[in-house]
Structures are given as C-alpha cells and as structure tokens.
Amino acid sequence: MNATRLDYLQAMGIEAWQPKHIAISPCAEISHAKSAASPAETISLNALRAAVASCMSCELHKTRTQTVFGVGNEEAKLMIIGEAPGFHEDQRGEPFVGRAGQLLNAMLESIGLDRKSVFIANILKCRPPGNRDPLVAEVNECTPFLQQQIALIKPKLLLAVGRIAAHYLLNTKTSLVQLRGKHHQFGATPLIVTYHPAYLLRNPIDKGKAFQDLLLTQQTLQTLS
Ligand code: URA
C-alpha cells in the first residue's frame, strides 16, 4: 500500500487496513428494477434545477431554507445518490457538506475521486424536519427529479449510499448488508450499494467494508468505457 492511500484511509478513520482483492461478479439481474425515465432527454439540467427550486409538490417546501439539487460534474461517470439534505445542506444548498459529507469526500479520495469529478444528488431535494426518514409520499413526489437527473447526466455507474437510496433505486426492502458488495442495475445503469457516511460515523467498525465497496466501485468504473 503506498503512503497516499494510507493517508486517505486514515482520513476515513481506517487504521492500517490492507485492501483485499475484490472479484467482480457478473451483474445481478434485478427483475423489479425501476428504469430511469427518458422524457428528461428533452429538458436541460438547468431547467430541471429551476423546476426543483420552485417545487411545492410536498409539505417539505414549507420548512426548507432552499432546495438541494445536486453538485459536481454534469458529465460524471459516477453518480452518488444519498438520502436527503440535512441541516447544513439545507443552509448551503449543496448535498453532503456536513460531517457525513466530509467523510464522503475522504471516501471518494480513497479511490482517486473528488466532489468535482462525480455528481452527488439525493433522493429528496428538500430537508425533512429533524432529519427524519423521507415519507413514501415525499419520495414519490420527488424522485421523478432524480430520474431526470440520471437520464440527463447518463452516469456509467451509480453508487447508492445508505438504505433509503438503495431501497428506492432497487425497489427492494432487502437489508443493506445483503445489498452491498455486489453489482445491481437501475434500469440500464449498473449500481453499487454501500453504507451511508452518517452510518459510518456512528459505526466506524464498518468502514473497512465500505472501503471494499469503494474498491469495487473503482474497479467497476475502470471496466466501463
Ligand atoms: N445525508 C444525505 O443523505 N444527503 C446529504 O446531502 C447529506 C446528508
């Protein structure tokens, strides 16, 4: 392991971890995978951003400071999907800028990526009060925006961080433990699941498994042109 990678692992809070070789298994067929909507092809990402900013489709518009559309490279090969903005994201209008965001940055750096090279978005574009879990109705109202983002950005690979994103994108209730570490599909787009950085802050013992998922992500990206 070279010094740089060790530095990144230390930034993630993983001490002297030696990466194992991860074999890439064939993409699992998920029969119930939702497919990304295609009507988005006709609208630009900026028009979509404006539509999100003025959205009042659910009650969350009443308590938000601002919407959190997403950030990063609009032609990214890798798109990270989180759950919903928290306090800091609601204040700044940018996803993953709090403590969980700092860990996400370190996770990305551990595989040679950064916030500018990927695109980061959430299932919900507005903060649920008190950071509660998104309601089904909120997810149903909001996710057409995410589907349109995916259709416009056309990432080669999706990385779902956490249970909420994984369960929505894979249309499943299977535990994260069973979903992580393997290939899935969201429509035609390959998808990998890993732990949410906020979970990893509470459960640092699982950071090693998250790093395995990140290596799988890195290896998968290398195989996708
Ligand atoms: N957690 C998320 O899932 N998304 C954010 O943007 C911030 C915290």
# chains A, B, ... in the order shown; residues from 1 in each chain; ligands from 1

$ residues_near_ligand --ligand "ligand 1" --cutoff "10 Å" --atoms "only C-alpha atoms and all ligand atoms" --output "ChimeraX atom specification"
/A:68-71,80-90,93-101,104,120-127,131,160-165,196-199

$ residues_around --residues "Ser44 (chain A)" --least-positions-apart "4" --cutoff "12 Å" --atoms "only C-alpha atoms" --output "ChimeraX atom specification"
/A:39-40,48-51,74,145,148-153

$ select_by_dssp --residues "region 41-186 of chain A" --states "alpha helix (DSSP H)" --output "MDAnalysis selection string"
chainID A and resid 45:53 60:63 87:92 99:109 136:153 163:170 176:179

$ atom_distance --atom1 "CA of Leu169 (chain A)" --atom2 "CA of Thr217 (chain A)"
16.7 Å

$ decode --residues "region 144-159 of chain A" --atoms "all heavy atoms" --output "PDB file, in the first residue's frame"
ATOM      1  N   PRO A 144     -39.081  11.692  -9.430  1.00  0.00           N
ATOM      2  CA  PRO A 144     -39.002  11.983 -10.870  1.00  0.00           C
ATOM      3  C   PRO A 144     -37.851  12.954 -11.187  1.00  0.00           C
ATOM      4  O   PRO A 144     -37.233  12.864 -12.250  1.00  0.00           O
ATOM      5  CB  PRO A 144     -40.372  12.597 -11.184  1.00  0.00           C
ATOM      6  CG  PRO A 144     -41.289  11.925 -10.196  1.00  0.00           C
ATOM      7  CD  PRO A 144     -40.469  11.809  -8.933  1.00  0.00           C
ATOM      8  N   PHE A 145     -37.541  13.866 -10.256  1.00  0.00           N
ATOM      9  CA  PHE A 145     -36.397  14.770 -10.473  1.00  0.00           C
ATOM     10  C   PHE A 145     -35.092  13.975 -10.544  1.00  0.00           C
ATOM     11  O   PHE A 145     -34.252  14.220 -11.413  1.00  0.00           O
ATOM     12  CB  PHE A 145     -36.289  15.795  -9.334  1.00  0.00           C
ATOM     13  CG  PHE A 145     -37.376  16.833  -9.316  1.00  0.00           C
ATOM     14  CD1 PHE A 145     -38.040  17.140  -8.142  1.00  0.00           C
ATOM     15  CD2 PHE A 145     -37.721  17.526 -10.471  1.00  0.00           C
ATOM     16  CE1 PHE A 145     -39.027  18.116  -8.113  1.00  0.00           C
ATOM     17  CE2 PHE A 145     -38.708  18.510 -10.458  1.00  0.00           C
ATOM     18  CZ  PHE A 145     -39.364  18.800  -9.278  1.00  0.00           C
ATOM     19  N   LEU A 146     -34.945  13.036  -9.623  1.00  0.00           N
ATOM     20  CA  LEU A 146     -33.716  12.230  -9.616  1.00  0.00           C
ATOM     21  C   LEU A 146     -33.626  11.383 -10.885  1.00  0.00           C
ATOM     22  O   LEU A 146     -32.557  11.271 -11.505  1.00  0.00           O
ATOM     23  CB  LEU A 146     -33.686  11.322  -8.376  1.00  0.00           C
ATOM     24  CG  LEU A 146     -32.478  10.393  -8.301  1.00  0.00           C
ATOM     25  CD1 LEU A 146     -31.187  11.187  -8.149  1.00  0.00           C
ATOM     26  CD2 LEU A 146     -32.629   9.394  -7.157  1.00  0.00           C
ATOM     27  N   GLN A 147     -34.763  10.822 -11.283  1.00  0.00           N
ATOM     28  CA  GLN A 147     -34.751  10.014 -12.513  1.00  0.00           C
ATOM     29  C   GLN A 147     -34.332  10.867 -13.708  1.00  0.00           C
ATOM     30  O   GLN A 147     -33.587  10.424 -14.583  1.00  0.00           O
ATOM     31  CB  GLN A 147     -36.137   9.409 -12.755  1.00  0.00           C
ATOM     32  CG  GLN A 147     -36.492   8.358 -11.723  1.00  0.00           C
ATOM     33  CD  GLN A 147     -37.769   7.606 -12.085  1.00  0.00           C
ATOM     34  OE1 GLN A 147     -38.148   7.539 -13.257  1.00  0.00           O
ATOM     35  NE2 GLN A 147     -38.427   7.039 -11.108  1.00  0.00           N
ATOM     36  N   GLN A 148     -34.809  12.112 -13.719  1.00  0.00           N
ATOM     37  CA  GLN A 148     -34.435  13.001 -14.821  1.00  0.00           C
ATOM     38  C   GLN A 148     -32.955  13.384 -14.745  1.00  0.00           C
ATOM     39  O   GLN A 148     -32.283  13.483 -15.766  1.00  0.00           O
ATOM     40  CB  GLN A 148     -35.316  14.244 -14.801  1.00  0.00           C
ATOM     41  CG  GLN A 148     -36.754  13.915 -15.188  1.00  0.00           C
ATOM     42  CD  GLN A 148     -37.654  15.134 -15.188  1.00  0.00           C
ATOM     43  OE1 GLN A 148     -37.509  16.025 -14.357  1.00  0.00           O
ATOM     44  NE2 GLN A 148     -38.572  15.173 -16.115  1.00  0.00           N
ATOM     45  N   GLN A 149     -32.461  13.582 -13.524  1.00  0.00           N
ATOM     46  CA  GLN A 149     -31.026  13.870 -13.382  1.00  0.00           C
ATOM     47  C   GLN A 149     -30.190  12.722 -13.940  1.00  0.00           C
ATOM     48  O   GLN A 149     -29.213  12.940 -14.655  1.00  0.00           O
ATOM     49  CB  GLN A 149     -30.669  14.081 -11.900  1.00  0.00           C
ATOM     50  CG  GLN A 149     -31.127  15.418 -11.344  1.00  0.00           C
ATOM     51  CD  GLN A 149     -30.813  15.547  -9.858  1.00  0.00           C
ATOM     52  OE1 GLN A 149     -31.224  14.700  -9.054  1.00  0.00           O
ATOM     53  NE2 GLN A 149     -30.100  16.592  -9.494  1.00  0.00           N
ATOM     54  N   ILE A 150     -30.581  11.505 -13.594  1.00  0.00           N
ATOM     55  CA  ILE A 150     -29.820  10.340 -14.064  1.00  0.00           C
ATOM     56  C   ILE A 150     -29.893  10.251 -15.595  1.00  0.00           C
ATOM     57  O   ILE A 150     -28.891  10.008 -16.262  1.00  0.00           O
ATOM     58  CB  ILE A 150     -30.345   9.047 -13.401  1.00  0.00           C
ATOM     59  CG1 ILE A 150     -30.092   9.090 -11.886  1.00  0.00           C
ATOM     60  CG2 ILE A 150     -29.674   7.813 -14.011  1.00  0.00           C
ATOM     61  CD1 ILE A 150     -30.788   7.989 -11.093  1.00  0.00           C
ATOM     62  N   ALA A 151     -31.087  10.499 -16.132  1.00  0.00           N
ATOM     63  CA  ALA A 151     -31.257  10.408 -17.592  1.00  0.00           C
ATOM     64  C   ALA A 151     -30.427  11.469 -18.314  1.00  0.00           C
ATOM     65  O   ALA A 151     -29.943  11.246 -19.421  1.00  0.00           O
ATOM     66  CB  ALA A 151     -32.731  10.546 -17.950  1.00  0.00           C
ATOM     67  N   LEU A 152     -30.261  12.644 -17.690  1.00  0.00           N
ATOM     68  CA  LEU A 152     -29.501  13.723 -18.328  1.00  0.00           C
ATOM     69  C   LEU A 152     -27.993  13.561 -18.154  1.00  0.00           C
ATOM     70  O   LEU A 152     -27.223  13.805 -19.088  1.00  0.00           O
ATOM     71  CB  LEU A 152     -29.939  15.073 -17.746  1.00  0.00           C
ATOM     72  CG  LEU A 152     -31.286  15.583 -18.262  1.00  0.00           C
ATOM     73  CD1 LEU A 152     -31.832  16.665 -17.357  1.00  0.00           C
ATOM     74  CD2 LEU A 152     -31.156  16.086 -19.694  1.00  0.00           C
ATOM     75  N   ILE A 153     -27.578  13.169 -16.971  1.00  0.00           N
ATOM     76  CA  ILE A 153     -26.140  13.041 -16.697  1.00  0.00           C
ATOM     77  C   ILE A 153     -25.580  11.770 -17.325  1.00  0.00           C
ATOM     78  O   ILE A 153     -24.434  11.724 -17.751  1.00  0.00           O
ATOM     79  CB  ILE A 153     -25.889  13.103 -15.171  1.00  0.00           C
ATOM     80  CG1 ILE A 153     -26.253  14.504 -14.664  1.00  0.00           C
ATOM     81  CG2 ILE A 153     -24.454  12.752 -14.805  1.00  0.00           C
ATOM     82  CD1 ILE A 153     -26.364  14.635 -13.159  1.00  0.00           C
ATOM     83  N   LYS A 154     -26.433  10.752 -17.410  1.00  0.00           N
ATOM     84  CA  LYS A 154     -26.035   9.463 -18.007  1.00  0.00           C
ATOM     85  C   LYS A 154     -24.757   8.908 -17.382  1.00  0.00           C
ATOM     86  O   LYS A 154     -23.771   8.629 -18.098  1.00  0.00           O
ATOM     87  CB  LYS A 154     -25.845   9.593 -19.519  1.00  0.00           C
ATOM     88  CG  LYS A 154     -27.078  10.041 -20.282  1.00  0.00           C
ATOM     89  CD  LYS A 154     -26.817   9.964 -21.781  1.00  0.00           C
ATOM     90  CE  LYS A 154     -27.986  10.440 -22.595  1.00  0.00           C
ATOM     91  NZ  LYS A 154     -28.264  11.864 -22.509  1.00  0.00           N
ATOM     92  N   PRO A 155     -24.730   8.734 -16.074  1.00  0.00           N
ATOM     93  CA  PRO A 155     -23.525   8.171 -15.462  1.00  0.00           C
ATOM     94  C   PRO A 155     -23.334   6.721 -15.906  1.00  0.00           C
ATOM     95  O   PRO A 155     -24.305   6.035 -16.247  1.00  0.00           O
ATOM     96  CB  PRO A 155     -23.855   8.236 -13.957  1.00  0.00           C
ATOM     97  CG  PRO A 155     -25.339   8.161 -13.899  1.00  0.00           C
ATOM     98  CD  PRO A 155     -25.833   8.895 -15.112  1.00  0.00           C
ATOM     99  N   LYS A 156     -22.075   6.297 -15.889  1.00  0.00           N
ATOM    100  CA  LYS A 156     -21.803   4.883 -16.218  1.00  0.00           C
ATOM    101  C   LYS A 156     -22.144   3.998 -15.030  1.00  0.00           C
ATOM    102  O   LYS A 156     -22.391   2.802 -15.194  1.00  0.00           O
ATOM    103  CB  LYS A 156     -20.308   4.698 -16.536  1.00  0.00           C
ATOM    104  CG  LYS A 156     -19.807   5.528 -17.679  1.00  0.00           C
ATOM    105  CD  LYS A 156     -20.180   4.898 -18.989  1.00  0.00           C
ATOM    106  CE  LYS A 156     -19.636   5.720 -20.142  1.00  0.00           C
ATOM    107  NZ  LYS A 156     -20.475   5.622 -21.323  1.00  0.00           N
ATOM    108  N   LEU A 157     -22.077   4.597 -13.834  1.00  0.00           N
ATOM    109  CA  LEU A 157     -22.259   3.806 -12.617  1.00  0.00           C
ATOM    110  C   LEU A 157     -22.924   4.666 -11.545  1.00  0.00           C
ATOM    111  O   LEU A 157     -22.595   5.854 -11.404  1.00  0.00           O
ATOM    112  CB  LEU A 157     -20.880   3.331 -12.120  1.00  0.00           C
ATOM    113  CG  LEU A 157     -20.830   2.472 -10.861  1.00  0.00           C
ATOM    114  CD1 LEU A 157     -21.556   1.135 -11.078  1.00  0.00           C
ATOM    115  CD2 LEU A 157     -19.368   2.196 -10.460  1.00  0.00           C
ATOM    116  N   LEU A 158     -23.841   4.047 -10.804  1.00  0.00           N
ATOM    117  CA  LEU A 158     -24.478   4.711  -9.659  1.00  0.00           C
ATOM    118  C   LEU A 158     -23.939   4.084  -8.380  1.00  0.00           C
ATOM    119  O   LEU A 158     -23.772   2.863  -8.305  1.00  0.00           O
ATOM    120  CB  LEU A 158     -25.992   4.512  -9.706  1.00  0.00           C
ATOM    121  CG  LEU A 158     -26.746   5.130 -10.879  1.00  0.00           C
ATOM    122  CD1 LEU A 158     -28.190   4.615 -10.908  1.00  0.00           C
ATOM    123  CD2 LEU A 158     -26.734   6.649 -10.788  1.00  0.00           C
ATOM    124  N   LEU A 159     -23.678   4.927  -7.377  1.00  0.00           N
ATOM    125  CA  LEU A 159     -23.316   4.430  -6.049  1.00  0.00           C
ATOM    126  C   LEU A 159     -24.377   4.937  -5.077  1.00  0.00           C
ATOM    127  O   LEU A 159     -24.475   6.146  -4.827  1.00  0.00           O
ATOM    128  CB  LEU A 159     -21.923   4.938  -5.642  1.00  0.00           C
ATOM    129  CG  LEU A 159     -21.454   4.507  -4.248  1.00  0.00           C
ATOM    130  CD1 LEU A 159     -21.290   2.989  -4.158  1.00  0.00           C
ATOM    131  CD2 LEU A 159     -20.130   5.193  -3.880  1.00  0.00           C
TER     132      LEU A 159
END
